[in-house]
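Engineer: Structure file entry-v2.cif (mmCIF, C-alpha atoms and all ligand atoms) is given on the next line.
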```
data_upload
loop_
_atom_site.group_PDB
_atom_site.id
_atom_site.type_symbol
_atom_site.label_atom_id
_atom_site.label_comp_id
_atom_site.auth_asym_id
_atom_site.auth_seq_id
_atom_site.Cartn_x
_atom_site.Cartn_y
_atom_site.Cartn_z
ATOM 1 C CA MET A 1053 -74.776 17.922 -133.270
ATOM 2 C CA ASN A 1054 -71.075 17.615 -134.049
ATOM 3 C CA THR A 1055 -70.194 17.415 -130.338
ATOM 4 C CA VAL A 1056 -72.732 14.633 -129.901
ATOM 5 C CA LEU A 1057 -71.309 12.635 -132.817
ATOM 6 C CA GLU A 1058 -67.720 13.193 -131.653
ATOM 7 C CA THR A 1059 -68.732 11.993 -128.168
ATOM 8 C CA ILE A 1060 -70.181 8.812 -129.697
ATOM 9 C CA LYS A 1061 -66.780 8.138 -131.328
ATOM 10 C CA LYS A 1062 -65.049 8.479 -127.954
ATOM 11 C CA ILE A 1063 -67.640 6.215 -126.306
ATOM 12 C CA ALA A 1064 -67.063 3.550 -128.982
ATOM 13 C CA PHE A 1065 -63.394 3.187 -128.019
ATOM 14 C CA GLU A 1066 -64.173 3.066 -124.311
ATOM 15 C CA ILE A 1067 -66.877 0.409 -124.650
ATOM 16 C CA ASP A 1068 -64.663 -1.624 -126.979
ATOM 17 C CA GLU A 1069 -61.936 -1.570 -124.317
ATOM 18 C CA ALA A 1070 -64.440 -2.660 -121.643
ATOM 19 C CA ILE A 1071 -65.638 -5.567 -123.836
ATOM 20 C CA LYS A 1072 -62.066 -6.722 -124.297
ATOM 21 C CA THR A 1073 -60.961 -6.456 -120.681
ATOM 22 C CA GLU A 1074 -63.874 -6.559 -118.237
ATOM 23 C CA ASP A 1075 -65.666 -9.304 -116.322
ATOM 24 C CA LEU A 1076 -68.340 -11.061 -118.407
ATOM 25 C CA GLY A 1077 -70.539 -12.080 -115.467
ATOM 26 C CA TYR A 1078 -74.030 -10.957 -114.502
ATOM 27 C CA SER A 1079 -74.716 -7.993 -112.227
ATOM 28 C CA GLU A 1080 -77.331 -8.340 -109.503
ATOM 29 C CA SER A 1081 -79.933 -6.260 -111.320
ATOM 30 C CA GLU A 1082 -82.498 -6.455 -114.134
ATOM 31 C CA ASN A 1083 -83.208 -3.828 -116.812
ATOM 32 C CA SER A 1084 -86.623 -2.216 -117.380
ATOM 33 C CA SER A 1085 -87.674 -5.024 -119.708
ATOM 34 C CA GLY A 1086 -87.013 -7.585 -116.959
ATOM 35 C CA GLU A 1087 -83.833 -8.965 -118.527
ATOM 36 C CA ASP A 1088 -80.813 -9.824 -116.357
ATOM 37 C CA GLN A 1089 -78.101 -7.192 -116.754
ATOM 38 C CA LEU A 1090 -74.509 -8.159 -117.411
ATOM 39 C CA LYS A 1091 -71.823 -6.168 -115.601
ATOM 40 C CA LEU A 1092 -70.825 -5.026 -119.075
ATOM 41 C CA ASP A 1093 -74.326 -3.643 -119.789
ATOM 42 C CA VAL A 1094 -74.148 -1.587 -116.607
ATOM 43 C CA GLN A 1095 -70.610 -0.420 -117.303
ATOM 44 C CA SER A 1096 -71.346 0.553 -120.930
ATOM 45 C CA ASP A 1097 -74.331 2.527 -119.694
ATOM 46 C CA LEU A 1098 -72.090 4.389 -117.210
ATOM 47 C CA ILE A 1099 -69.495 5.132 -119.897
ATOM 48 C CA ILE A 1100 -72.196 6.787 -122.019
ATOM 49 C CA GLU A 1101 -73.709 8.701 -119.122
ATOM 50 C CA LYS A 1102 -70.304 10.095 -118.120
ATOM 51 C CA ALA A 1103 -69.336 10.966 -121.689
ATOM 52 C CA PHE A 1104 -72.485 13.055 -122.260
ATOM 53 C CA ALA A 1105 -72.510 14.632 -118.780
ATOM 54 C CA SER A 1106 -70.638 17.688 -120.035
ATOM 55 C CA ALA A 1107 -72.286 17.970 -123.482
ATOM 56 C CA GLU A 1108 -74.327 21.179 -123.345
ATOM 57 C CA ALA A 1109 -76.418 20.239 -126.363
ATOM 58 C CA VAL A 1110 -77.858 17.207 -124.571
ATOM 59 C CA LYS A 1111 -81.047 17.797 -122.613
ATOM 60 C CA ASN A 1112 -81.918 14.232 -121.574
ATOM 61 C CA LEU A 1113 -80.587 10.705 -121.730
ATOM 62 C CA VAL A 1114 -82.886 7.699 -121.989
ATOM 63 C CA SER A 1115 -81.168 4.353 -121.667
ATOM 64 C CA GLU A 1116 -82.368 0.887 -122.502
ATOM 65 C CA GLU A 1117 -80.782 -0.138 -119.209
ATOM 66 C CA LYS A 1118 -82.709 2.353 -117.041
ATOM 67 C CA GLU A 1119 -86.341 2.964 -116.274
ATOM 68 C CA GLY A 1120 -86.600 6.750 -116.331
ATOM 69 C CA VAL A 1121 -85.306 9.811 -118.130
ATOM 70 C CA LEU A 1122 -82.057 11.373 -116.896
ATOM 71 C CA GLU A 1123 -82.053 15.148 -117.249
ATOM 72 C CA LEU A 1124 -78.634 16.641 -118.019
ATOM 73 C CA ASN A 1125 -79.256 20.231 -119.204
ATOM 74 C CA SER A 1126 -82.658 21.890 -119.142
ATOM 75 C CA ASP A 1127 -81.437 24.209 -121.967
ATOM 76 C CA GLY A 1128 -80.119 21.325 -124.077
ATOM 77 C CA LYS A 1129 -81.519 20.660 -127.541
ATOM 78 C CA TYR A 1130 -81.397 16.872 -127.915
ATOM 79 C CA THR A 1131 -82.577 13.774 -126.105
ATOM 80 C CA ILE A 1132 -80.370 10.771 -126.750
ATOM 81 C CA CYS A 1133 -82.056 7.383 -126.496
ATOM 82 C CA TYR A 1134 -79.504 4.606 -126.498
ATOM 83 C CA ASP A 1135 -78.936 0.914 -126.100
ATOM 84 C CA PRO A 1136 -75.412 0.802 -124.620
ATOM 85 C CA LEU A 1137 -74.616 -2.815 -125.485
ATOM 86 C CA ASP A 1138 -77.136 -4.454 -127.765
ATOM 87 C CA GLY A 1139 -76.821 -8.245 -128.075
ATOM 88 C CA SER A 1140 -74.668 -8.360 -124.942
ATOM 89 C CA SER A 1141 -75.615 -12.016 -124.394
ATOM 90 C CA LEU A 1142 -73.286 -12.766 -127.336
ATOM 91 C CA VAL A 1143 -70.136 -11.384 -125.706
ATOM 92 C CA ASP A 1144 -69.387 -14.640 -123.852
ATOM 93 C CA VAL A 1145 -69.298 -16.534 -127.160
ATOM 94 C CA ASN A 1146 -67.164 -13.806 -128.742
ATOM 95 C CA LEU A 1147 -69.646 -12.713 -131.425
ATOM 96 C CA SER A 1148 -70.115 -9.120 -132.556
ATOM 97 C CA VAL A 1149 -72.248 -6.740 -130.499
ATOM 98 C CA GLY A 1150 -73.145 -3.052 -130.821
ATOM 99 C CA SER A 1151 -74.291 0.260 -129.351
ATOM 100 C CA ILE A 1152 -77.250 2.173 -130.837
ATOM 101 C CA PHE A 1153 -78.000 5.902 -130.462
ATOM 102 C CA GLY A 1154 -81.162 7.745 -131.512
ATOM 103 C CA ILE A 1155 -80.923 11.540 -131.317
ATOM 104 C CA TYR A 1156 -84.317 13.234 -130.953
ATOM 105 C CA GLU A 1157 -85.347 16.866 -130.886
ATOM 106 C CA GLY A 1158 -88.594 17.520 -128.972
ATOM 107 C CA GLU A 1159 -91.143 14.857 -128.112
ATOM 108 C CA LEU A 1160 -89.835 11.288 -128.301
ATOM 109 C CA LYS A 1161 -91.368 9.904 -131.498
ATOM 110 C CA GLY A 1162 -90.146 8.691 -134.861
ATOM 111 C CA GLU A 1163 -90.668 11.891 -136.801
ATOM 112 C CA ASN A 1164 -88.565 13.859 -134.261
ATOM 113 C CA LEU A 1165 -85.470 11.738 -134.749
ATOM 114 C CA VAL A 1166 -82.840 13.988 -136.323
ATOM 115 C CA SER A 1167 -79.864 11.657 -136.452
ATOM 116 C CA SER A 1168 -78.901 8.147 -135.494
ATOM 117 C CA ALA A 1169 -75.744 6.142 -135.162
ATOM 118 C CA TYR A 1170 -74.592 2.670 -134.260
ATOM 119 C CA VAL A 1171 -71.256 1.078 -133.449
ATOM 120 C CA VAL A 1172 -70.349 -2.530 -134.263
ATOM 121 C CA TYR A 1173 -67.747 -4.130 -132.000
ATOM 122 C CA GLY A 1174 -66.455 -6.974 -134.136
ATOM 123 C CA PRO A 1175 -63.024 -7.973 -135.417
ATOM 124 C CA ARG A 1176 -62.802 -4.206 -136.022
ATOM 125 C CA ILE A 1177 -64.835 -1.300 -134.691
ATOM 126 C CA GLU A 1178 -67.190 0.227 -137.254
ATOM 127 C CA LEU A 1179 -69.488 3.196 -136.898
ATOM 128 C CA VAL A 1180 -72.435 4.254 -139.047
ATOM 129 C CA ILE A 1181 -73.871 7.755 -138.748
ATOM 130 C CA ALA A 1182 -77.028 8.942 -140.494
ATOM 131 C CA THR A 1183 -78.228 12.514 -140.653
ATOM 132 C CA LYS A 1184 -81.154 13.981 -142.624
ATOM 133 C CA ASP A 1185 -81.052 14.119 -146.454
ATOM 134 C CA LYS A 1186 -77.809 12.139 -146.734
ATOM 135 C CA LYS A 1187 -76.787 8.530 -147.249
ATOM 136 C CA PRO A 1188 -75.529 6.921 -144.004
ATOM 137 C CA ALA A 1189 -71.749 7.169 -143.661
ATOM 138 C CA LEU A 1190 -69.595 4.178 -142.711
ATOM 139 C CA TYR A 1191 -66.454 4.742 -140.618
ATOM 140 C CA ARG A 1192 -63.841 2.229 -139.439
ATOM 141 C CA ALA A 1193 -61.466 2.641 -136.507
ATOM 142 C CA VAL A 1194 -57.883 2.786 -137.711
ATOM 143 C CA ASP A 1195 -55.069 3.641 -135.286
ATOM 144 C CA GLY A 1196 -57.428 5.122 -132.722
ATOM 145 C CA ILE A 1197 -59.456 7.340 -135.059
ATOM 146 C CA PHE A 1198 -62.548 6.796 -137.168
ATOM 147 C CA LYS A 1199 -61.707 6.904 -140.852
ATOM 148 C CA PHE A 1200 -64.504 7.560 -143.361
ATOM 149 C CA ILE A 1201 -64.920 4.506 -145.619
ATOM 150 C CA GLU A 1202 -67.998 5.102 -147.801
ATOM 151 C CA ASP A 1203 -71.586 6.219 -148.041
ATOM 152 C CA ILE A 1204 -73.977 3.293 -147.774
ATOM 153 C CA SER A 1205 -76.547 2.583 -150.457
ATOM 154 C CA MET A 1206 -78.754 -0.504 -150.594
ATOM 155 C CA ASN A 1207 -79.754 -2.392 -153.738
ATOM 156 C CA GLU A 1208 -83.383 -2.855 -154.788
ATOM 157 C CA LYS A 1209 -83.202 -6.533 -153.834
ATOM 158 C CA GLY A 1210 -80.837 -8.548 -151.672
ATOM 159 C CA LYS A 1211 -79.972 -12.168 -150.954
ATOM 160 C CA LEU A 1212 -79.928 -12.450 -147.160
ATOM 161 C CA ASN A 1213 -82.697 -13.337 -144.726
ATOM 162 C CA ALA A 1214 -82.414 -12.775 -140.954
ATOM 163 C CA PRO A 1215 -85.656 -13.966 -139.316
ATOM 164 C CA GLY A 1216 -85.857 -13.167 -135.585
ATOM 165 C CA GLY A 1217 -88.124 -14.541 -132.862
ATOM 166 C CA THR A 1218 -88.864 -18.079 -131.745
ATOM 167 C CA GLN A 1219 -90.208 -19.936 -134.794
ATOM 168 C CA GLN A 1220 -92.572 -22.019 -132.695
ATOM 169 C CA ASN A 1221 -94.342 -18.754 -131.817
ATOM 170 C CA TRP A 1222 -94.571 -17.274 -135.328
ATOM 171 C CA SER A 1223 -97.935 -16.895 -137.052
ATOM 172 C CA LEU A 1224 -98.534 -19.286 -139.952
ATOM 173 C CA ASN A 1225 -98.629 -16.314 -142.295
ATOM 174 C CA HIS A 1226 -95.186 -15.157 -141.177
ATOM 175 C CA LYS A 1227 -93.767 -18.672 -141.494
ATOM 176 C CA ILE A 1228 -95.079 -19.008 -145.058
ATOM 177 C CA PHE A 1229 -93.584 -15.608 -145.977
ATOM 178 C CA ILE A 1230 -90.142 -16.459 -144.541
ATOM 179 C CA ASP A 1231 -90.185 -19.911 -146.209
ATOM 180 C CA THR A 1232 -91.089 -18.287 -149.535
ATOM 181 C CA LEU A 1233 -87.956 -16.136 -149.387
ATOM 182 C CA PHE A 1234 -85.815 -19.220 -148.734
ATOM 183 C CA THR A 1235 -87.533 -20.990 -151.647
ATOM 184 C CA GLU A 1236 -86.557 -18.001 -153.822
ATOM 185 C CA GLY A 1237 -82.894 -18.624 -152.914
ATOM 186 C CA TYR A 1238 -82.349 -16.307 -149.938
ATOM 187 C CA ARG A 1239 -79.620 -17.411 -147.525
ATOM 188 C CA LEU A 1240 -79.981 -17.478 -143.747
ATOM 189 C CA ARG A 1241 -77.799 -14.967 -141.896
ATOM 190 C CA TYR A 1242 -78.771 -14.562 -138.238
ATOM 191 C CA SER A 1243 -76.311 -14.105 -135.388
ATOM 192 C CA GLY A 1244 -78.825 -13.025 -132.725
ATOM 193 C CA GLY A 1245 -77.358 -9.516 -132.512
ATOM 194 C CA MET A 1246 -79.529 -6.877 -134.130
ATOM 195 C CA VAL A 1247 -76.610 -4.545 -134.826
ATOM 196 C CA PRO A 1248 -74.319 -6.968 -136.712
ATOM 197 C CA ASP A 1249 -77.309 -8.623 -138.436
ATOM 198 C CA LEU A 1250 -78.687 -5.335 -139.788
ATOM 199 C CA HIS A 1251 -75.168 -4.098 -140.558
ATOM 200 C CA GLN A 1252 -74.426 -7.186 -142.648
ATOM 201 C CA ILE A 1253 -77.650 -6.928 -144.658
ATOM 202 C CA MET A 1254 -77.101 -3.236 -145.368
ATOM 203 C CA LEU A 1255 -73.442 -3.550 -146.365
ATOM 204 C CA LYS A 1256 -74.034 -6.618 -148.531
ATOM 205 C CA GLY A 1257 -76.608 -4.744 -150.597
ATOM 206 C CA GLY A 1258 -79.879 -5.866 -149.044
ATOM 207 C CA GLY A 1259 -82.183 -8.585 -147.822
ATOM 208 C CA LEU A 1260 -84.586 -8.790 -144.908
ATOM 209 C CA PHE A 1261 -84.280 -8.578 -141.121
ATOM 210 C CA SER A 1262 -87.532 -9.288 -139.327
ATOM 211 C CA TYR A 1263 -88.619 -9.471 -135.721
ATOM 212 C CA PRO A 1264 -92.391 -10.080 -135.871
ATOM 213 C CA GLY A 1265 -95.043 -10.115 -133.201
ATOM 214 C CA THR A 1266 -95.243 -13.670 -131.838
ATOM 215 C CA THR A 1267 -97.702 -15.563 -129.647
ATOM 216 C CA ASP A 1268 -95.459 -14.970 -126.614
ATOM 217 C CA LYS A 1269 -94.519 -11.383 -127.595
ATOM 218 C CA PRO A 1270 -97.398 -9.890 -129.632
ATOM 219 C CA ASP A 1271 -95.603 -6.514 -129.876
ATOM 220 C CA GLY A 1272 -92.261 -8.051 -130.779
ATOM 221 C CA LYS A 1273 -89.097 -7.721 -128.726
ATOM 222 C CA LEU A 1274 -87.190 -4.799 -130.149
ATOM 223 C CA ARG A 1275 -87.541 -1.431 -128.485
ATOM 224 C CA GLN A 1276 -88.905 1.498 -130.489
ATOM 225 C CA LEU A 1277 -86.804 4.407 -129.186
ATOM 226 C CA PHE A 1278 -83.442 2.670 -128.801
ATOM 227 C CA GLU A 1279 -83.455 0.074 -131.573
ATOM 228 C CA VAL A 1280 -86.321 0.222 -134.046
ATOM 229 C CA ILE A 1281 -86.583 3.941 -134.901
ATOM 230 C CA PRO A 1282 -82.796 4.610 -135.079
ATOM 231 C CA PHE A 1283 -82.345 1.687 -137.514
ATOM 232 C CA ALA A 1284 -85.493 2.597 -139.483
ATOM 233 C CA PHE A 1285 -83.961 6.023 -140.143
ATOM 234 C CA ILE A 1286 -80.661 4.480 -141.264
ATOM 235 C CA TYR A 1287 -82.359 1.944 -143.583
ATOM 236 C CA GLU A 1288 -84.530 4.619 -145.199
ATOM 237 C CA GLN A 1289 -81.558 6.936 -145.696
ATOM 238 C CA ALA A 1290 -79.704 4.020 -147.339
ATOM 239 C CA GLY A 1291 -82.566 3.567 -149.831
ATOM 240 C CA GLY A 1292 -84.307 0.667 -148.055
ATOM 241 C CA GLN A 1293 -87.548 0.494 -146.085
ATOM 242 C CA ALA A 1294 -88.542 -0.197 -142.484
ATOM 243 C CA VAL A 1295 -92.144 -1.056 -141.577
ATOM 244 C CA ASP A 1296 -94.269 -2.715 -138.921
ATOM 245 C CA HIS A 1297 -96.645 -5.689 -139.378
ATOM 246 C CA LYS A 1298 -99.282 -3.346 -140.830
ATOM 247 C CA GLY A 1299 -96.876 -2.082 -143.460
ATOM 248 C CA LYS A 1300 -96.657 1.300 -141.702
ATOM 249 C CA ARG A 1301 -93.337 3.164 -141.662
ATOM 250 C CA LEU A 1302 -91.549 2.628 -138.355
ATOM 251 C CA MET A 1303 -90.520 6.309 -138.524
ATOM 252 C CA GLU A 1304 -94.189 7.122 -137.788
ATOM 253 C CA LEU A 1305 -94.129 5.319 -134.427
ATOM 254 C CA VAL A 1306 -95.192 7.334 -131.383
ATOM 255 C CA PRO A 1307 -94.197 5.341 -128.267
ATOM 256 C CA SER A 1308 -96.388 5.794 -125.217
ATOM 257 C CA HIS A 1309 -93.626 4.553 -122.916
ATOM 258 C CA PRO A 1310 -89.816 4.732 -123.412
ATOM 259 C CA HIS A 1311 -89.534 0.934 -123.362
ATOM 260 C CA ASP A 1312 -92.359 0.125 -125.815
ATOM 261 C CA THR A 1313 -91.548 -2.456 -128.487
ATOM 262 C CA SER A 1314 -92.842 -2.988 -132.017
ATOM 263 C CA PRO A 1315 -92.859 -5.775 -134.592
ATOM 264 C CA CYS A 1316 -90.358 -4.685 -137.248
ATOM 265 C CA PHE A 1317 -89.210 -5.462 -140.786
ATOM 266 C CA PHE A 1318 -86.093 -3.837 -142.271
ATOM 267 C CA GLY A 1319 -85.015 -4.501 -145.824
ATOM 268 C CA SER A 1320 -84.481 -3.456 -149.354
ATOM 269 C CA ASN A 1321 -87.494 -2.501 -151.446
ATOM 270 C CA TYR A 1322 -88.181 -5.904 -152.982
ATOM 271 C CA GLU A 1323 -88.386 -7.794 -149.684
ATOM 272 C CA ILE A 1324 -90.474 -5.145 -147.908
ATOM 273 C CA GLU A 1325 -92.950 -4.984 -150.794
ATOM 274 C CA ALA A 1326 -93.151 -8.818 -150.667
ATOM 275 C CA MET A 1327 -93.756 -8.611 -146.912
ATOM 276 C CA LYS A 1328 -96.598 -6.107 -147.373
ATOM 277 C CA LYS A 1329 -98.284 -8.481 -149.837
ATOM 278 C CA ALA A 1330 -97.778 -11.509 -147.591
ATOM 279 C CA TYR A 1331 -99.235 -9.649 -144.606
ATOM 280 C CA GLY A 1332 -102.182 -8.423 -146.678
ATOM 281 C CA THR A 1333 -101.353 -4.760 -146.242
ATOM 282 C CA LYS A 1334 -101.109 -4.329 -150.014
ATOM 283 C CA ASP A 1335 -103.112 -5.742 -153.010
HETATM 284 P P1 LIG A 1401 -80.197 -9.211 -126.829
HETATM 285 O O1 LIG A 1401 -81.480 -9.663 -126.173
HETATM 286 O O2 LIG A 1401 -79.106 -10.251 -126.765
HETATM 287 O O3 LIG A 1401 -79.742 -7.844 -126.360
HETATM 288 O O4 LIG A 1401 -82.008 -6.195 -128.321
HETATM 289 C C1 LIG A 1401 -82.401 -7.455 -128.245
HETATM 290 C C2 LIG A 1401 -81.628 -8.511 -129.023
HETATM 291 O O5 LIG A 1401 -80.510 -9.024 -128.391
HETATM 292 C C3 LIG A 1401 -81.222 -8.083 -130.450
HETATM 293 O O6 LIG A 1401 -79.929 -7.608 -130.549
HETATM 294 C C4 LIG A 1401 -81.409 -9.353 -131.245
HETATM 295 O O7 LIG A 1401 -81.664 -9.141 -132.608
HETATM 296 C C5 LIG A 1401 -82.562 -10.002 -130.558
HETATM 297 O O8 LIG A 1401 -82.580 -9.533 -129.216
HETATM 298 C C6 LIG A 1401 -82.446 -11.499 -130.574
HETATM 299 O O9 LIG A 1401 -83.592 -12.049 -130.045
HETATM 300 P P2 LIG A 1401 -83.926 -13.606 -130.214
HETATM 301 O O10 LIG A 1401 -82.911 -14.319 -129.368
HETATM 302 O O11 LIG A 1401 -85.317 -13.730 -129.693
HETATM 303 O O12 LIG A 1401 -83.809 -13.972 -131.673
#
```
For this file, produce the structure as structure tokens.
Ligand code: FDP

Structural biologist:
Amino acid sequence: MNTVLETIKKIAFEIDEAIKTEDLGYSESENSSGEDQLKLDVQSDLIIEKAFASAEAVKNLVSEEKEGVLELNSDGKYTICYDPLDGSSLVDVNLSVGSIFGIYEGELKGENLVSSAYVVYGPRIELVIATKDKKPALYRAVDGIFKFIEDISMNEKGKLNAPGGTQQNWSLNHKIFIDTLFTEGYRLRYSGGMVPDLHQIMLKGGGLFSYPGTTDKPDGKLRQLFEVIPFAFIYEQAGGQAVDHKGKRLMELVPSHPHDTSPCFFGSNYEIEAMKKAYGTKD
């Protein structure tokens, strides 16, 4: 596992360099979810593929940018599911973006995730790594190496609200719930990048990030293996919760296809309990 985590650190510097120096235009291809790929998406994907090519512990790679599974070592222990450049549509307006890694052992499902990590490319590069039975650890790049900053722990209740999805397509129930939080004094914090939005909520103590099912996307937009499950693990390890629209833990998800999505709610305990009540999954 150490080799895998050290490789992620190396990848973070390479992708950061690509963001700062490479062409921001579109490539001629689409990803598996039918979204246009930026040249940077494709390049970040290649950086990750190359970096893990010689890691013996890695059996398979599954990328948000590719349809299938790439086998690296039949004797390897882990499958790494990753989103090389999440929120890449924000690079041209110079907002923060990220990379997300879910490390699974065995069948690809929530309960087999053994570790997850994400990198935030912002004014500085930050990295969060979560492993079992420990608080997630925050690192910051200083002079070309990742320096440990602190363990992350969320409060029982936060102040921030990051509601994703097109509001026109929300259910009335969801709209009422989100409005109720604002009426209670929550402040809007939504950049449109899952990584910086969830990072902000976690580091500022708590709050809610939601991406519900909508009339145009009944199963939400965010992908289970690359985005939802890795962050669910990190939020739970930090003392928060991560559930779907039925109030079920996202860590219990069993995707039937690598690119399946799920409605998702990440937050501190207060907001998730409020969500369960609003959605009628709790008395
Ligand atoms: P993007 O499409 O730019 O890669 O992963 C999908 C994602 O970004 C998340 O980072 C982000 O939270 C979400 O989509 C934003 O979607 P909306 O524009 O629908 O709010």

Engineer: How many Å separate atom CA of Ile1099 of chain A from atom CA of Thr1131 of chain A?

Structural biologist: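 These atoms are spaced 16.9 Å apart.
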
Engineer: Write out as a PyMOL selection string which residues come within 12 Å of Phe1318 of chain A when counting all atoms listed in the file, dropping same-chain ones fewer than 5 positions away.

Structural biologist: chain A and resi 1206+1210+1212-1216+1246+1249-1251+1253-1254+1258-1264+1279-1288+1290-1297+1299-1303+1323-1325+1327-1328

Engineer: Kindly export the residues of the current selection with C-alpha atoms, as a CSV table (one decimal), keeping the file's coordinate frame.

Structural biologist:
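Listed below is the output, part24.csv:
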```csv
chain,number,residue,atom,x,y,z
A,1206,MET,CA,-78.8,-0.5,-150.6
A,1210,GLY,CA,-80.8,-8.5,-151.7
A,1212,LEU,CA,-79.9,-12.4,-147.2
A,1213,ASN,CA,-82.7,-13.3,-144.7
A,1214,ALA,CA,-82.4,-12.8,-141.0
A,1215,PRO,CA,-85.7,-14.0,-139.3
A,1216,GLY,CA,-85.9,-13.2,-135.6
A,1246,MET,CA,-79.5,-6.9,-134.1
A,1249,ASP,CA,-77.3,-8.6,-138.4
A,1250,LEU,CA,-78.7,-5.3,-139.8
A,1251,HIS,CA,-75.2,-4.1,-140.6
A,1253,ILE,CA,-77.6,-6.9,-144.7
A,1254,MET,CA,-77.1,-3.2,-145.4
A,1258,GLY,CA,-79.9,-5.9,-149.0
A,1259,GLY,CA,-82.2,-8.6,-147.8
A,1260,LEU,CA,-84.6,-8.8,-144.9
A,1261,PHE,CA,-84.3,-8.6,-141.1
A,1262,SER,CA,-87.5,-9.3,-139.3
A,1263,TYR,CA,-88.6,-9.5,-135.7
A,1264,PRO,CA,-92.4,-10.1,-135.9
A,1279,GLU,CA,-83.5,0.1,-131.6
A,1280,VAL,CA,-86.3,0.2,-134.0
A,1281,ILE,CA,-86.6,3.9,-134.9
A,1282,PRO,CA,-82.8,4.6,-135.1
A,1283,PHE,CA,-82.3,1.7,-137.5
A,1284,ALA,CA,-85.5,2.6,-139.5
A,1285,PHE,CA,-84.0,6.0,-140.1
A,1286,ILE,CA,-80.7,4.5,-141.3
A,1287,TYR,CA,-82.4,1.9,-143.6
A,1288,GLU,CA,-84.5,4.6,-145.2
A,1290,ALA,CA,-79.7,4.0,-147.3
A,1291,GLY,CA,-82.6,3.6,-149.8
A,1292,GLY,CA,-84.3,0.7,-148.1
A,1293,GLN,CA,-87.5,0.5,-146.1
A,1294,ALA,CA,-88.5,-0.2,-142.5
A,1295,VAL,CA,-92.1,-1.1,-141.6
A,1296,ASP,CA,-94.3,-2.7,-138.9
A,1297,HIS,CA,-96.6,-5.7,-139.4
A,1299,GLY,CA,-96.9,-2.1,-143.5
A,1300,LYS,CA,-96.7,1.3,-141.7
A,1301,ARG,CA,-93.3,3.2,-141.7
A,1302,LEU,CA,-91.5,2.6,-138.4
A,1303,MET,CA,-90.5,6.3,-138.5
A,1323,GLU,CA,-88.4,-7.8,-149.7
A,1324,ILE,CA,-90.5,-5.1,-147.9
A,1325,GLU,CA,-93.0,-5.0,-150.8
A,1327,MET,CA,-93.8,-8.6,-146.9
A,1328,LYS,CA,-96.6,-6.1,-147.4
```

Engineer: Using only C-alpha atoms and all ligand atoms, I'd like a table of the residues in chain A that come within 7 Å of ligand LIG 1401 (chain A); for each, show the closest atom pair and its distance in Å rounded to one decimal, ordered by chain and ascending number, as a tab-separated table.

Structural biologist:
```
residue	atom	partner	partner_atom	distance
A:Asp1138	CA	A:LIG1401	O3	4.5
A:Gly1139	CA	A:LIG1401	O2	3.3
A:Ser1140	CA	A:LIG1401	O2	5.2
A:Ser1141	CA	A:LIG1401	O2	4.6
A:Leu1142	CA	A:LIG1401	O2	6.4
A:Gly1216	CA	A:LIG1401	O12	4.5
A:Gly1217	CA	A:LIG1401	O11	4.3
A:Thr1218	CA	A:LIG1401	O11	6.0
A:Gly1244	CA	A:LIG1401	C6	4.5
A:Gly1245	CA	A:LIG1401	O6	3.8
A:Met1246	CA	A:LIG1401	O7	3.5
A:Val1247	CA	A:LIG1401	O6	6.2
A:Lys1273	CA	A:LIG1401	C1	6.7
A:Leu1274	CA	A:LIG1401	O4	5.7
```

Engineer: Output the selection as a short mmCIF file (atom, residue, chain, number, x, y, z; two decimals), keeping the file's coordinate frame - C-alpha atoms for each residue.

Structural biologist:
```cif
data_model
loop_
_atom_site.label_atom_id
_atom_site.label_comp_id
_atom_site.auth_asym_id
_atom_site.auth_seq_id
_atom_site.Cartn_x
_atom_site.Cartn_y
_atom_site.Cartn_z
CA ASP A 1138 -77.14 -4.45 -127.76
CA GLY A 1139 -76.82 -8.24 -128.07
CA SER A 1140 -74.67 -8.36 -124.94
CA SER A 1141 -75.61 -12.02 -124.39
CA LEU A 1142 -73.29 -12.77 -127.34
CA GLY A 1216 -85.86 -13.17 -135.58
CA GLY A 1217 -88.12 -14.54 -132.86
CA THR A 1218 -88.86 -18.08 -131.74
CA GLY A 1244 -78.82 -13.02 -132.72
CA GLY A 1245 -77.36 -9.52 -132.51
CA MET A 1246 -79.53 -6.88 -134.13
CA VAL A 1247 -76.61 -4.54 -134.83
CA LYS A 1273 -89.10 -7.72 -128.73
CA LEU A 1274 -87.19 -4.80 -130.15
#
```

Engineer: I'd like to know which of A:Leu1092, A:Leu1224, A:Ala1182, A:Ala1189 is closest to Ile1152 of chain A, using all atoms listed in the file.

Structural biologist: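 Checking each of A:Leu1092, A:Leu1224, A:Ala1182, A:Ala1189 against Ile1152 of chain A, counting all atoms listed in the file, the winner is A:Ala1182.
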
Engineer: What would the list of residues within 7 Å of (-87.0, -7.7, -156.0) (file frame) look like as a list in words, if only C-alpha atoms are what count?

Structural biologist: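 The answer, in the requested form, is Glu1208, Lys1209, Asn1321, Tyr1322 and Glu1323 of chain A.
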
Engineer: Which value, in Å to one decimal, gives the distance between atom CA of Ile1204 of chain A and atom CA of Ile1177 of chain A?

Structural biologist: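 Atom-to-atom, atom CA of Ile1204 of chain A and atom CA of Ile1177 of chain A are spaced 16.6 Å apart.
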
Engineer: Considering all atoms listed in the file, can you say which of A:Glu1163, A:Glu1178, A:Glu1116, A:Asp1195 comes closest to Gln1089 of chain A?

Structural biologist: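 The closest residue to Gln1089 of chain A is A:Glu1116.
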
Engineer: Restricting the calculation to only C-alpha atoms, which member of A:Thr1266, A:Leu1098, A:Asp1127, A:Val1166 is positioned closest to Asn1112 of chain A?

Structural biologist: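 Between A:Thr1266, A:Leu1098, A:Asp1127, A:Val1166, the residue approaching Asn1112 of chain A most closely is A:Asp1127.
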
Engineer: With only C-alpha atoms as the basis for distance, which of A:Ala1064, A:Ile1100, A:Ser1314, A:Lys1211 is at the shortest distance from Leu1240 of chain A?

Structural biologist: A:Lys1211
